[in-house]
$ cat protein_39.cif   # mmCIF, C-alpha atoms and all ligand atoms
data_target
#
loop_
_atom_site.label_atom_id
_atom_site.label_comp_id
_atom_site.auth_asym_id
_atom_site.auth_seq_id
_atom_site.Cartn_x
_atom_site.Cartn_y
_atom_site.Cartn_z
CA MET A 1 17.68 -37.54 26.31
CA THR A 2 17.86 -38.85 22.74
CA GLY A 3 17.75 -36.68 19.63
CA PHE A 4 14.72 -36.99 17.41
CA ALA A 5 14.66 -36.17 13.67
CA ALA A 6 11.54 -34.32 12.49
CA THR A 7 11.68 -36.28 9.22
CA ARG A 8 10.34 -39.26 11.20
CA LEU A 9 6.99 -37.48 11.41
CA HIS A 10 6.82 -37.17 7.65
CA ASP A 11 7.73 -40.59 6.28
CA THR A 12 5.83 -43.71 5.23
CA ALA A 13 6.83 -45.58 8.39
CA HIS A 14 5.02 -42.91 10.43
CA ASP A 15 1.94 -43.07 8.21
CA GLN A 16 1.74 -46.86 8.42
CA ASN A 17 2.58 -47.20 12.09
CA PRO A 18 2.90 -43.96 14.08
CA GLU A 19 2.86 -45.63 17.53
CA PRO A 20 6.65 -46.05 18.01
CA VAL A 21 7.25 -42.44 16.96
CA TRP A 22 4.53 -41.12 19.25
CA GLN A 23 5.82 -43.20 22.15
CA GLU A 24 9.35 -41.85 21.73
CA LEU A 25 8.03 -38.30 21.69
CA ARG A 26 5.84 -38.85 24.77
CA ASP A 27 8.77 -40.30 26.69
CA ASN A 28 11.58 -38.00 25.60
CA HIS A 29 10.17 -34.87 23.92
CA PRO A 30 6.62 -34.28 25.17
CA VAL A 31 6.67 -30.91 23.41
CA PHE A 32 8.60 -31.28 20.18
CA TYR A 33 9.38 -28.63 17.57
CA ASP A 34 8.77 -30.12 14.12
CA GLU A 35 10.84 -27.77 11.95
CA ILE A 36 9.48 -29.28 8.73
CA ALA A 37 5.85 -28.39 9.50
CA ASN A 38 6.93 -25.48 11.73
CA VAL A 39 4.70 -26.57 14.61
CA TYR A 40 5.18 -27.59 18.22
CA MET A 41 3.77 -31.06 18.73
CA VAL A 42 2.19 -32.08 22.06
CA THR A 43 1.80 -35.82 22.61
CA ARG A 44 0.85 -36.72 26.21
CA HIS A 45 -2.77 -37.24 27.24
CA ALA A 46 -2.75 -34.71 30.10
CA ASP A 47 -1.00 -32.09 27.94
CA VAL A 48 -3.26 -32.48 24.90
CA ARG A 49 -6.29 -32.20 27.19
CA ARG A 50 -4.80 -29.10 28.81
CA ALA A 51 -4.19 -27.42 25.44
CA PHE A 52 -7.76 -28.20 24.32
CA THR A 53 -9.23 -26.70 27.47
CA GLU A 54 -6.98 -23.59 27.69
CA ALA A 55 -8.48 -21.76 24.75
CA GLU A 56 -7.23 -18.40 26.02
CA THR A 57 -3.64 -19.62 25.44
CA PHE A 58 -4.12 -22.12 22.60
CA SER A 59 -6.47 -20.68 20.00
CA SER A 60 -8.26 -22.56 17.25
CA ARG A 61 -8.01 -19.55 14.92
CA VAL A 62 -5.62 -21.65 12.75
CA TYR A 63 -8.77 -23.09 11.14
CA ARG A 64 -8.97 -19.81 9.20
CA LYS A 65 -6.13 -21.18 7.10
CA THR A 66 -7.77 -24.55 6.37
CA MET A 67 -11.55 -24.97 6.57
CA GLY A 68 -12.19 -21.22 6.86
CA ARG A 69 -10.47 -20.61 3.50
CA VAL A 70 -12.82 -23.03 1.78
CA PHE A 71 -16.20 -22.22 3.23
CA GLY A 72 -15.91 -18.88 4.95
CA PRO A 73 -15.92 -17.86 8.61
CA MET A 74 -17.30 -20.60 10.82
CA LEU A 75 -17.54 -21.82 14.40
CA LEU A 76 -14.28 -23.73 14.69
CA GLN A 77 -12.11 -20.70 14.02
CA LEU A 78 -13.83 -18.38 16.51
CA ASP A 79 -12.59 -17.62 20.02
CA GLY A 80 -13.97 -16.31 23.27
CA LYS A 81 -17.37 -14.66 23.63
CA GLU A 82 -18.04 -14.57 19.90
CA HIS A 83 -17.58 -18.34 19.74
CA VAL A 84 -19.82 -18.94 22.77
CA ARG A 85 -22.59 -16.77 21.25
CA ARG A 86 -22.52 -18.54 17.88
CA ARG A 87 -22.14 -22.01 19.37
CA THR A 88 -25.04 -21.56 21.79
CA ILE A 89 -27.38 -20.94 18.87
CA VAL A 90 -26.63 -24.23 17.16
CA SER A 91 -25.40 -26.53 19.94
CA PRO A 92 -28.72 -28.10 21.02
CA LEU A 93 -29.84 -28.97 17.49
CA LEU A 94 -28.24 -32.39 17.24
CA MET A 95 -28.36 -33.44 20.90
CA GLY A 96 -30.59 -35.43 23.24
CA VAL A 97 -34.28 -35.55 22.43
CA ARG A 98 -33.79 -33.41 19.35
CA LEU A 99 -31.44 -36.01 17.95
CA GLU A 100 -33.75 -38.84 19.04
CA ALA A 101 -36.44 -37.34 16.83
CA TYR A 102 -34.15 -38.12 13.89
CA HIS A 103 -33.34 -41.72 14.85
CA ASP A 104 -35.95 -43.29 12.56
CA LEU A 105 -34.78 -41.22 9.62
CA ILE A 106 -31.15 -42.19 10.25
CA ASP A 107 -32.12 -45.87 10.56
CA GLU A 108 -33.95 -45.66 7.24
CA VAL A 109 -31.01 -44.03 5.44
CA ALA A 110 -28.58 -46.56 6.95
CA ALA A 111 -30.75 -49.50 5.83
CA GLU A 112 -30.87 -48.10 2.28
CA VAL A 113 -27.11 -47.64 2.10
CA LEU A 114 -26.56 -51.20 3.38
CA ASP A 115 -29.13 -52.58 0.89
CA ASP A 116 -27.21 -50.96 -1.96
CA ALA A 117 -23.85 -52.19 -0.65
CA PHE A 118 -25.03 -55.81 -0.43
CA ALA A 119 -27.23 -55.72 -3.56
CA ASP A 120 -25.15 -57.99 -5.80
CA GLY A 121 -24.37 -60.64 -3.18
CA GLY A 122 -20.58 -60.48 -3.79
CA PRO A 123 -17.77 -59.22 -1.52
CA VAL A 124 -18.36 -55.72 -0.13
CA ASP A 125 -15.83 -52.94 0.42
CA VAL A 126 -17.22 -51.49 3.63
CA VAL A 127 -15.22 -48.26 3.24
CA ALA A 128 -16.28 -47.38 -0.32
CA THR A 129 -19.88 -48.55 -0.20
CA ILE A 130 -20.96 -47.88 3.39
CA ALA A 131 -18.58 -45.66 5.40
CA HIS A 132 -17.99 -43.20 2.58
CA ARG A 133 -21.67 -42.90 1.63
CA LEU A 134 -23.64 -42.99 4.86
CA PRO A 135 -22.58 -39.81 6.74
CA VAL A 136 -23.21 -37.54 3.73
CA SER A 137 -26.58 -39.20 3.04
CA VAL A 138 -27.51 -38.76 6.69
CA ILE A 139 -26.68 -35.04 6.75
CA ALA A 140 -28.47 -34.51 3.41
CA SER A 141 -31.55 -36.29 4.79
CA LEU A 142 -31.47 -34.37 8.08
CA LEU A 143 -31.27 -31.12 6.15
CA GLY A 144 -34.35 -32.23 4.23
CA LEU A 145 -32.75 -32.16 0.76
CA PRO A 146 -34.65 -33.96 -1.98
CA ARG A 147 -33.33 -37.49 -2.64
CA GLU A 148 -32.48 -36.73 -6.26
CA ASP A 149 -30.02 -34.03 -5.12
CA HIS A 150 -28.00 -36.27 -2.77
CA GLY A 151 -25.57 -37.20 -5.58
CA GLN A 152 -24.76 -33.55 -6.25
CA PHE A 153 -24.39 -32.95 -2.52
CA PHE A 154 -21.79 -35.73 -2.42
CA VAL A 155 -19.84 -34.10 -5.28
CA TRP A 156 -19.71 -30.78 -3.38
CA TYR A 157 -18.65 -32.60 -0.24
CA GLU A 158 -15.71 -34.31 -1.97
CA ALA A 159 -14.56 -31.04 -3.57
CA MET A 160 -14.74 -29.18 -0.25
CA MET A 161 -12.81 -31.88 1.60
CA ALA A 162 -10.05 -31.91 -1.03
CA GLY A 163 -9.97 -28.09 -0.80
CA VAL A 164 -9.24 -28.17 2.91
CA TRP A 165 -6.13 -30.35 2.77
CA VAL A 166 -4.74 -30.43 -0.79
CA ASP A 167 -3.28 -27.61 -2.96
CA ASP A 168 -4.28 -24.14 -4.21
CA GLU A 169 -6.15 -25.46 -7.23
CA ALA A 170 -8.12 -27.89 -5.03
CA ARG A 171 -8.81 -25.03 -2.64
CA ARG A 172 -10.21 -22.93 -5.49
CA ARG A 173 -12.48 -25.79 -6.53
CA GLY A 174 -13.45 -26.37 -2.90
CA ARG A 175 -14.44 -22.72 -2.56
CA GLU A 176 -16.50 -22.94 -5.73
CA ALA A 177 -18.25 -26.02 -4.37
CA ALA A 178 -18.97 -24.24 -1.07
CA ASP A 179 -20.40 -21.25 -2.99
CA GLU A 180 -22.58 -23.53 -5.11
CA LEU A 181 -23.77 -25.34 -1.99
CA LYS A 182 -24.65 -22.05 -0.30
CA ALA A 183 -26.49 -20.84 -3.41
CA TYR A 184 -28.39 -24.12 -3.53
CA ILE A 185 -29.36 -23.86 0.15
CA ALA A 186 -30.40 -20.16 -0.01
CA PRO A 187 -33.92 -20.61 -1.51
CA MET A 188 -34.59 -23.46 0.94
CA VAL A 189 -33.64 -21.19 3.81
CA GLU A 190 -36.12 -18.58 2.58
CA ALA A 191 -38.86 -21.17 2.14
CA ARG A 192 -38.29 -22.63 5.65
CA ARG A 193 -38.27 -19.16 7.15
CA ILE A 194 -41.85 -18.72 6.01
CA LYS A 195 -42.98 -22.30 6.47
CA PRO A 196 -40.78 -24.32 8.82
CA GLY A 197 -40.71 -28.14 8.70
CA ASP A 198 -39.03 -30.80 10.88
CA ASP A 199 -35.71 -30.68 9.05
CA LEU A 200 -32.40 -29.31 10.23
CA ILE A 201 -32.48 -26.30 7.89
CA SER A 202 -35.76 -25.22 9.55
CA ARG A 203 -34.17 -25.71 12.97
CA LEU A 204 -31.13 -23.68 11.95
CA VAL A 205 -33.24 -20.89 10.46
CA HIS A 206 -35.33 -20.58 13.60
CA ALA A 207 -32.62 -21.34 16.16
CA GLU A 208 -32.15 -18.34 18.32
CA GLU A 209 -30.29 -17.38 21.47
CA GLU A 210 -31.18 -14.17 23.26
CA GLY A 211 -32.68 -12.70 20.15
CA GLU A 212 -29.70 -13.59 17.95
CA ARG A 213 -29.88 -15.75 14.86
CA LEU A 214 -27.50 -16.99 12.23
CA ASP A 215 -27.41 -14.66 9.22
CA PRO A 216 -27.83 -16.30 5.77
CA GLY A 217 -24.04 -16.36 5.09
CA GLU A 218 -23.34 -18.01 8.43
CA LEU A 219 -26.09 -20.51 7.86
CA GLY A 220 -24.53 -21.61 4.56
CA ALA A 221 -21.08 -21.91 6.17
CA TYR A 222 -22.61 -23.89 9.02
CA VAL A 223 -24.20 -26.36 6.62
CA ALA A 224 -20.83 -26.76 4.88
CA LEU A 225 -19.19 -27.26 8.29
CA LEU A 226 -21.72 -29.93 9.32
CA LEU A 227 -21.10 -31.72 6.09
CA THR A 228 -17.32 -31.66 6.29
CA ALA A 229 -16.83 -31.89 10.09
CA GLY A 230 -19.39 -34.67 10.27
CA GLY A 231 -18.78 -36.39 6.94
CA GLU A 232 -15.14 -37.35 6.74
CA THR A 233 -14.83 -38.08 10.47
CA THR A 234 -17.87 -40.36 10.74
CA ASP A 235 -16.78 -42.05 7.52
CA LYS A 236 -13.58 -42.99 9.36
CA SER A 237 -15.25 -44.01 12.60
CA ILE A 238 -17.46 -46.48 10.68
CA SER A 239 -14.43 -47.86 8.81
CA ASN A 240 -12.28 -48.14 11.93
CA LEU A 241 -14.92 -49.71 14.18
CA SER A 242 -15.86 -52.20 11.42
CA TRP A 243 -12.21 -53.14 10.90
CA LEU A 244 -11.49 -53.56 14.61
CA LEU A 245 -14.53 -55.79 15.15
CA LEU A 246 -14.02 -57.85 12.01
CA THR A 247 -10.41 -58.51 12.96
CA HIS A 248 -11.45 -59.38 16.56
CA PRO A 249 -14.21 -61.95 15.91
CA GLU A 250 -14.81 -62.66 19.61
CA GLU A 251 -15.56 -58.94 20.18
CA ALA A 252 -17.74 -58.88 17.05
CA ALA A 253 -19.74 -61.86 18.37
CA ARG A 254 -20.34 -60.06 21.66
CA ALA A 255 -21.23 -56.77 19.93
CA ARG A 256 -23.74 -58.60 17.73
CA GLU A 257 -25.52 -60.01 20.78
CA ASP A 258 -25.26 -57.06 23.12
CA SER A 259 -25.80 -53.41 22.16
CA GLU A 260 -23.98 -52.28 25.31
CA HIS A 261 -20.87 -54.11 24.14
CA LEU A 262 -21.16 -52.41 20.76
CA ASP A 263 -21.33 -49.09 22.63
CA LYS A 264 -18.13 -49.92 24.53
CA ALA A 265 -16.47 -51.00 21.30
CA PHE A 266 -17.34 -47.59 19.83
CA SER A 267 -15.68 -45.74 22.76
CA GLU A 268 -12.64 -47.99 22.55
CA THR A 269 -12.39 -47.39 18.79
CA MET A 270 -12.46 -43.63 19.39
CA ARG A 271 -9.55 -44.14 21.79
CA ILE A 272 -7.36 -46.55 19.85
CA LEU A 273 -8.09 -45.31 16.30
CA PRO A 274 -9.54 -41.79 16.45
CA PRO A 275 -10.46 -40.49 12.96
CA LEU A 276 -8.61 -37.22 13.59
CA VAL A 277 -5.14 -37.84 14.98
CA TYR A 278 -3.88 -34.26 14.76
CA VAL A 279 -5.59 -30.90 15.24
CA GLY A 280 -4.02 -27.46 15.22
CA ARG A 281 -3.84 -24.52 17.60
CA GLU A 282 -1.99 -21.18 17.75
CA ALA A 283 -0.16 -19.99 20.86
CA LEU A 284 -1.61 -16.62 21.89
CA SER A 285 1.32 -15.84 24.20
CA ASP A 286 4.81 -17.21 24.90
CA VAL A 287 4.48 -20.53 26.72
CA THR A 288 7.32 -22.54 28.24
CA TRP A 289 6.28 -26.14 28.48
CA HIS A 290 8.44 -29.16 29.36
CA ASN A 291 11.42 -26.78 29.00
CA VAL A 292 10.49 -25.82 25.45
CA LEU A 293 9.56 -22.24 24.59
CA ILE A 294 6.56 -21.99 22.27
CA PRO A 295 6.69 -18.39 21.06
CA GLU A 296 3.50 -16.34 20.67
CA GLY A 297 1.87 -16.77 17.27
CA ARG A 298 3.40 -20.18 16.55
CA GLY A 299 1.47 -23.27 15.55
CA VAL A 300 0.85 -26.10 18.01
CA ARG A 301 -0.22 -29.58 16.96
CA LEU A 302 -2.29 -31.61 19.40
CA ALA A 303 -1.60 -35.29 18.77
CA ILE A 304 -4.93 -36.86 19.75
CA GLY A 305 -3.81 -40.21 18.35
CA SER A 306 -0.79 -40.25 20.65
CA ALA A 307 -2.67 -38.92 23.70
CA ASN A 308 -5.18 -41.76 23.39
CA ARG A 309 -2.32 -44.31 23.45
CA ASP A 310 -0.53 -42.73 26.41
CA GLU A 311 0.44 -45.40 28.94
CA ARG A 312 0.19 -42.67 31.60
CA ALA A 313 -3.59 -42.82 31.05
CA TYR A 314 -4.26 -46.37 29.80
CA SER A 315 -2.76 -49.77 30.54
CA GLU A 316 -1.86 -51.89 27.50
CA PRO A 317 -2.72 -48.89 25.30
CA ASP A 318 -2.17 -50.74 22.01
CA ARG A 319 -4.72 -53.45 22.85
CA PHE A 320 -8.27 -53.19 21.48
CA TRP A 321 -10.12 -53.91 24.69
CA PRO A 322 -13.74 -52.69 24.83
CA ASP A 323 -14.01 -53.91 28.46
CA ARG A 324 -10.98 -51.92 29.59
CA PRO A 325 -11.40 -50.57 33.11
CA ASP A 326 -9.50 -47.30 32.56
CA LEU A 327 -11.51 -45.66 29.75
CA HIS A 328 -14.53 -43.48 30.33
CA GLN A 329 -17.27 -45.30 28.41
CA GLY A 330 -20.67 -44.14 27.27
CA LEU A 331 -21.41 -40.62 26.10
CA GLU A 332 -18.41 -38.35 25.91
CA ARG A 333 -18.14 -35.30 28.15
CA ARG A 334 -16.93 -31.89 27.20
CA PRO A 335 -14.30 -31.44 29.98
CA ALA A 336 -12.90 -34.91 29.12
CA PRO A 337 -12.27 -35.70 32.80
CA THR A 338 -10.49 -38.61 34.44
CA THR A 339 -12.88 -39.92 37.07
CA ASN A 340 -12.88 -43.17 39.07
CA GLY A 341 -9.68 -44.20 37.34
CA ARG A 342 -11.23 -43.82 33.90
CA ALA A 343 -9.70 -41.30 31.48
CA SER A 344 -11.79 -39.85 28.66
CA HIS A 345 -10.53 -40.38 25.14
CA LEU A 346 -9.89 -37.14 23.23
CA ALA A 347 -11.25 -38.12 19.81
CA PHE A 348 -13.98 -35.44 19.98
CA GLY A 349 -11.64 -32.83 21.47
CA ALA A 350 -12.41 -31.18 24.82
CA GLY A 351 -13.37 -27.78 26.15
CA SER A 352 -14.93 -24.96 24.19
CA HIS A 353 -14.78 -26.52 20.70
CA PHE A 354 -15.78 -30.01 21.86
CA CYS A 355 -17.51 -31.76 18.94
CA LEU A 356 -21.14 -30.79 18.44
CA GLY A 357 -21.91 -33.95 16.49
CA TYR A 358 -20.60 -36.55 18.97
CA GLN A 359 -24.03 -37.98 19.77
CA LEU A 360 -24.97 -38.16 16.09
CA ALA A 361 -21.60 -39.75 15.23
CA ARG A 362 -22.00 -42.35 17.97
CA TYR A 363 -25.56 -43.22 16.92
CA GLU A 364 -24.81 -43.36 13.22
CA THR A 365 -21.59 -45.35 13.53
CA LYS A 366 -23.17 -47.93 15.82
CA LYS A 367 -26.22 -48.25 13.56
CA ALA A 368 -24.05 -48.81 10.47
CA VAL A 369 -21.95 -51.45 12.22
CA GLU A 370 -24.95 -53.15 13.82
CA LEU A 371 -26.53 -53.50 10.37
CA LEU A 372 -23.24 -54.64 8.87
CA LEU A 373 -22.78 -57.38 11.49
CA GLY A 374 -26.39 -58.44 10.89
CA ARG A 375 -25.85 -58.68 7.13
CA ILE A 376 -22.67 -60.67 7.43
CA GLY A 377 -24.23 -63.07 9.92
CA PRO A 378 -22.50 -65.13 12.62
CA GLY A 379 -20.76 -67.53 10.19
CA PRO A 380 -17.14 -67.29 8.99
CA VAL A 381 -16.08 -64.19 7.01
CA THR A 382 -13.02 -63.33 4.98
CA VAL A 383 -11.62 -59.89 5.69
CA ASP A 384 -9.16 -58.19 3.37
CA SER A 385 -7.67 -54.84 4.36
CA PRO A 386 -4.30 -53.10 4.43
CA GLY A 387 -5.20 -51.78 7.90
CA PRO A 388 -5.28 -48.17 9.07
CA ALA A 389 -2.92 -45.46 7.82
CA VAL A 390 -2.32 -41.81 8.67
CA ASP A 391 -3.19 -39.34 5.92
CA GLY A 392 -2.66 -35.68 6.86
CA PRO A 393 -4.59 -35.10 10.09
CA THR A 394 -6.66 -38.29 9.77
CA ARG A 395 -6.11 -42.00 10.33
CA SER A 396 -8.30 -44.76 9.01
CA VAL A 397 -8.71 -47.99 7.14
CA ARG A 398 -8.93 -47.12 3.42
CA GLU A 399 -10.18 -50.46 2.17
CA LEU A 400 -12.03 -53.24 3.98
CA VAL A 401 -13.40 -56.01 1.78
CA VAL A 402 -15.60 -58.59 3.49
CA ALA A 403 -17.03 -61.77 2.06
CA ARG A 404 -19.00 -64.53 3.72
CA GLY A 405 -17.35 -67.94 4.06
C1 LIG B 1 -16.60 -39.82 14.79
C2 LIG B 1 -16.93 -38.69 14.21
C3 LIG B 1 -16.40 -37.35 14.63
C4 LIG B 1 -15.18 -37.01 15.17
C5 LIG B 1 -14.01 -37.93 15.49
C6 LIG B 1 -15.21 -35.57 15.40
C7 LIG B 1 -14.15 -34.86 15.96
C8 LIG B 1 -14.21 -33.51 16.28
C9 LIG B 1 -13.16 -32.79 16.97
C10 LIG B 1 -11.83 -33.38 17.43
C11 LIG B 1 -13.59 -31.51 17.11
C12 LIG B 1 -12.82 -30.38 17.78
C13 LIG B 1 -11.79 -29.81 16.87
C14 LIG B 1 -10.89 -28.82 17.57
O1 LIG B 1 -11.09 -28.49 18.75
O2 LIG B 1 -9.96 -28.36 16.90
C15 LIG B 1 -14.90 -31.40 16.49
C16 LIG B 1 -15.64 -30.24 16.41
C17 LIG B 1 -16.83 -30.15 15.73
N1 LIG B 1 -17.56 -31.19 15.20
FE1 LIG B 1 -17.05 -33.15 15.19
N2 LIG B 1 -16.41 -35.08 14.97
C18 LIG B 1 -17.18 -36.12 14.51
C19 LIG B 1 -18.47 -36.04 14.01
C20 LIG B 1 -19.18 -34.89 13.86
C21 LIG B 1 -20.53 -34.80 13.32
C22 LIG B 1 -21.36 -36.00 12.86
C23 LIG B 1 -20.85 -33.48 13.29
C24 LIG B 1 -22.13 -32.81 12.83
C25 LIG B 1 -22.90 -33.23 11.92
C26 LIG B 1 -19.73 -32.73 13.84
C27 LIG B 1 -19.71 -31.38 13.99
C28 LIG B 1 -18.72 -30.68 14.63
C29 LIG B 1 -18.73 -29.22 14.81
C30 LIG B 1 -19.83 -28.27 14.33
C31 LIG B 1 -17.56 -28.90 15.50
C32 LIG B 1 -17.10 -27.49 15.90
C33 LIG B 1 -17.54 -27.12 17.29
C34 LIG B 1 -17.02 -25.77 17.73
O3 LIG B 1 -16.12 -25.20 17.10
O4 LIG B 1 -17.51 -25.26 18.75
N3 LIG B 1 -18.75 -33.62 14.17
N4 LIG B 1 -15.25 -32.64 16.01
#

$ encode --input "protein_39.cif" --output "structure tokens"
Amino acid sequence: MTGFAATRLHDTAHDQNPEPVWQELRDNHPVFYDEIANVYMVTRHADVRRAFTEAETFSSRVYRKTMGRVFGPMLLQLDGKEHVRRRTIVSPLLMGVRLEAYHDLIDEVAAEVLDDAFADGGPVDVVATIAHRLPVSVIASLLGLPREDHGQFFVWYEAMMAGVWVDDEARRRGREAADELKAYIAPMVEARRIKPGDDLISRLVHAEEEGERLDPGELGAYVALLLTAGGETTDKSISNLSWLLLTHPEEAARAREDSEHLDKAFSETMRILPPLVYVGREALSDVTWHNVLIPEGRGVRLAIGSANRDERAYSEPDRFWPDRPDLHQGLERRPAPTTNGRASHLAFGAGSHFCLGYQLARYETKKAVELLLGRIGPGPVTVDSPGPAVDGPTRSVRELVVARG
């Protein structure tokens, strides 16, 4: 077995192209202690899935130290029965027919964002003008916030996101933004309590499970969670799907003609370039895994990005191949099973904390890209982008300039 230096997980080569590093870890050190970050990193598909689904051993309470510190106690950091109780209250709100009721609104917001992006007829940076704007505008619209406040909402969003991953000063500003957001939402919550509408705040206020409701503090934290969990991630799924299609014109041509192919391209993007490549857990007891002891209380990093490229689950894992026969396509499933030779990607996690916004993310991302392909048209396009890079726990294309001709 070869040695592996932890520094290789923290250099520019890793950020630009993590695949070789992940492959080496999968093959030789499937559980690797990264002494720089002080976490045990898990890289194989079957192992990452196992850690996601064994919440009694691998707890998500580590979120207390990141998102929880910015916007207060929230769903992601809860465990066990308490988590199930809180999740059951909110889980149906953005699913199935309840989500379908919002489709027209989402279509309208997406069309507006695209109109703005293409307004001057010049080249368009898809990341800055579409991907970065759309998810926040969608959440703001679903919550029923007045249009003139969307700009302010975006400012809070950016401050909260920086607060989660940057330094103490950013965290302080992020907390302030979360407090301002909660104070802004509070009178709306009261108004919707008395007179509910069709918006998501009304649904949250009146959502109930066995007589239990969210208290006002929780409701504010939940809105902040929706904004941050759904904002930055969907931003990156729009960027990554756009980039993959625009750099694979034959796939783009098929996706333009056939919405089912666009759907497959979305699933394949979630596999090959998931927006979140790393998520954290804490070991609740000593675990010996692949001959490595993970002591109780230590951090574990689940490398989704690596799991989704594991050749034990997918053939030619580095190929963007929407027709691939070994990926579970269509709507994701919470247990992330491998059935009929098709393994689920792990971009939305698995098990008890499985993403609550996966249907919304899928709908919104496909809508944005469908409109984008329509605007660009079938003719030749010039695409300028440095390609995807890892930044903290995320991976995405940071700039994607397209011009016709
Ligand atoms: C492509 C876009 C998205 C990706 C890749 C994504 C990814 C994830 C992942 C990996 C988790 C699990 C984290 C863990 O177990 O540590 C998660 C949880 C969650 N996501 Fe998403 N997400 C996306 C979009 C959204 C959207 C649009 C919303 C809502 C507006 C949302 C709301 C949530 C919530 C509330 C949770 C916590 C669930 C719980 O703790 O029970 N996500 N997401």

$ residues_near_point --input "protein_39.cif" --point "(-4.7, -37.5, 11.9)" --cutoff "8 Å" --atoms "only C-alpha atoms" --output "PyMOL selection string"
chain A and resi 274-279+303-305+390-395

$ axis_aligned_box --input "protein_39.cif" --around "range 166-177 of chain A" --padding-each-side "8 Å" --output "JSON"
{"center_x": -10.8, "center_y": -26.6, "center_z": -4.0, "size_x": 31.0, "size_y": 23.7, "size_z": 22.4}

$ residues_near_point --input "protein_39.cif" --point "(-18.3, -44.0, 25.8)" --cutoff "7 Å" --atoms "only C-alpha atoms" --output "list in words"
Asp263, Lys264, Ser267, His328, Gln329, Gly330, Leu331 and Glu332 of chain A

$ residues_around --input "protein_39.cif" --residues "Glu176 in chain A" --least-positions-apart "6" --cutoff "10 Å" --atoms "all atoms listed in the file" --output "PyMOL selection string"
chain A and resi 70-71+156+159-160+163+170+182

$ closest_residue --input "protein_39.cif" --among "A:Arg319, A:Lys81, A:His14, A:Arg69" --to "ligand LIG 1 (chain B)" --atoms "all atoms listed in the file"
A:Lys81

$ residues_around --input "protein_39.cif" --residues "Asp149 in chain A" --least-positions-apart "4" --cutoff "12 Å" --atoms "only C-alpha atoms" --output "mmCIF file with C-alpha atoms, in the frame of the given file"
data_model
loop_
_atom_site.group_PDB
_atom_site.id
_atom_site.type_symbol
_atom_site.label_atom_id
_atom_site.label_comp_id
_atom_site.auth_asym_id
_atom_site.auth_seq_id
_atom_site.Cartn_x
_atom_site.Cartn_y
_atom_site.Cartn_z
ATOM 1 C CA VAL A 136 -23.210 -37.540 3.730
ATOM 2 C CA SER A 137 -26.580 -39.200 3.040
ATOM 3 C CA ALA A 140 -28.470 -34.510 3.410
ATOM 4 C CA SER A 141 -31.550 -36.290 4.790
ATOM 5 C CA LEU A 143 -31.270 -31.120 6.150
ATOM 6 C CA GLY A 144 -34.350 -32.230 4.230
ATOM 7 C CA LEU A 145 -32.750 -32.160 0.760
ATOM 8 C CA PHE A 153 -24.390 -32.950 -2.520
ATOM 9 C CA PHE A 154 -21.790 -35.730 -2.420
ATOM 10 C CA VAL A 155 -19.840 -34.100 -5.280
ATOM 11 C CA TRP A 156 -19.710 -30.780 -3.380
ATOM 12 C CA LEU A 181 -23.770 -25.340 -1.990
ATOM 13 C CA TYR A 184 -28.390 -24.120 -3.530
ATOM 14 C CA ILE A 185 -29.360 -23.860 0.150
#

$ atom_distance --input "protein_39.cif" --atom1 "CA of Arg61 in chain A" --atom2 "CA of Asp11 in chain A"
27.7 Å

$ closest_residue --input "protein_39.cif" --among "A:Arg312, A:Lys236, A:Arg49, A:His345" --to "Val127 in chain A" --atoms "only C-alpha atoms"
A:Lys236

$ closest_residue --input "protein_39.cif" --among "A:Ala128, A:Ala343, A:Ala336, A:Val383" --to "ligand LIG 1 (chain B)" --atoms "all atoms listed in the file"
A:Ala336

$ closest_residue --input "protein_39.cif" --among "A:Asp318, A:Asp286, A:Glu311, A:Asp167" --to "Thr269 in chain A" --atoms "only C-alpha atoms"
A:Asp318

$ residues_around --input "protein_39.cif" --residues "Asp235 in chain A" --least-positions-apart "3" --cutoff "9 Å" --atoms "only C-alpha atoms" --output "mmCIF file with C-alpha atoms, in the coordinates of the input"
data_model
loop_
_atom_site.group_PDB
_atom_site.id
_atom_site.type_symbol
_atom_site.label_atom_id
_atom_site.label_comp_id
_atom_site.auth_asym_id
_atom_site.auth_seq_id
_atom_site.Cartn_x
_atom_site.Cartn_y
_atom_site.Cartn_z
ATOM 1 C CA VAL A 127 -15.220 -48.260 3.240
ATOM 2 C CA ILE A 130 -20.960 -47.880 3.390
ATOM 3 C CA ALA A 131 -18.580 -45.660 5.400
ATOM 4 C CA HIS A 132 -17.990 -43.200 2.580
ATOM 5 C CA ARG A 133 -21.670 -42.900 1.630
ATOM 6 C CA LEU A 134 -23.640 -42.990 4.860
ATOM 7 C CA PRO A 135 -22.580 -39.810 6.740
ATOM 8 C CA VAL A 136 -23.210 -37.540 3.730
ATOM 9 C CA GLY A 230 -19.390 -34.670 10.270
ATOM 10 C CA GLY A 231 -18.780 -36.390 6.940
ATOM 11 C CA GLU A 232 -15.140 -37.350 6.740
ATOM 12 C CA ILE A 238 -17.460 -46.480 10.680
ATOM 13 C CA SER A 239 -14.430 -47.860 8.810
ATOM 14 C CA ASN A 240 -12.280 -48.140 11.930
ATOM 15 C CA PRO A 275 -10.460 -40.490 12.960
ATOM 16 C CA THR A 365 -21.590 -45.350 13.530
#

$ closest_residue --input "protein_39.cif" --among "A:Val402, A:Val90, A:Thr382, A:Thr228" --to "Arg213 in chain A" --atoms "only C-alpha atoms"
A:Val90

$ atom_distance --input "protein_39.cif" --atom1 "CA of Pro196 in chain A" --atom2 "CA of Leu142 in chain A"
13.7 Å
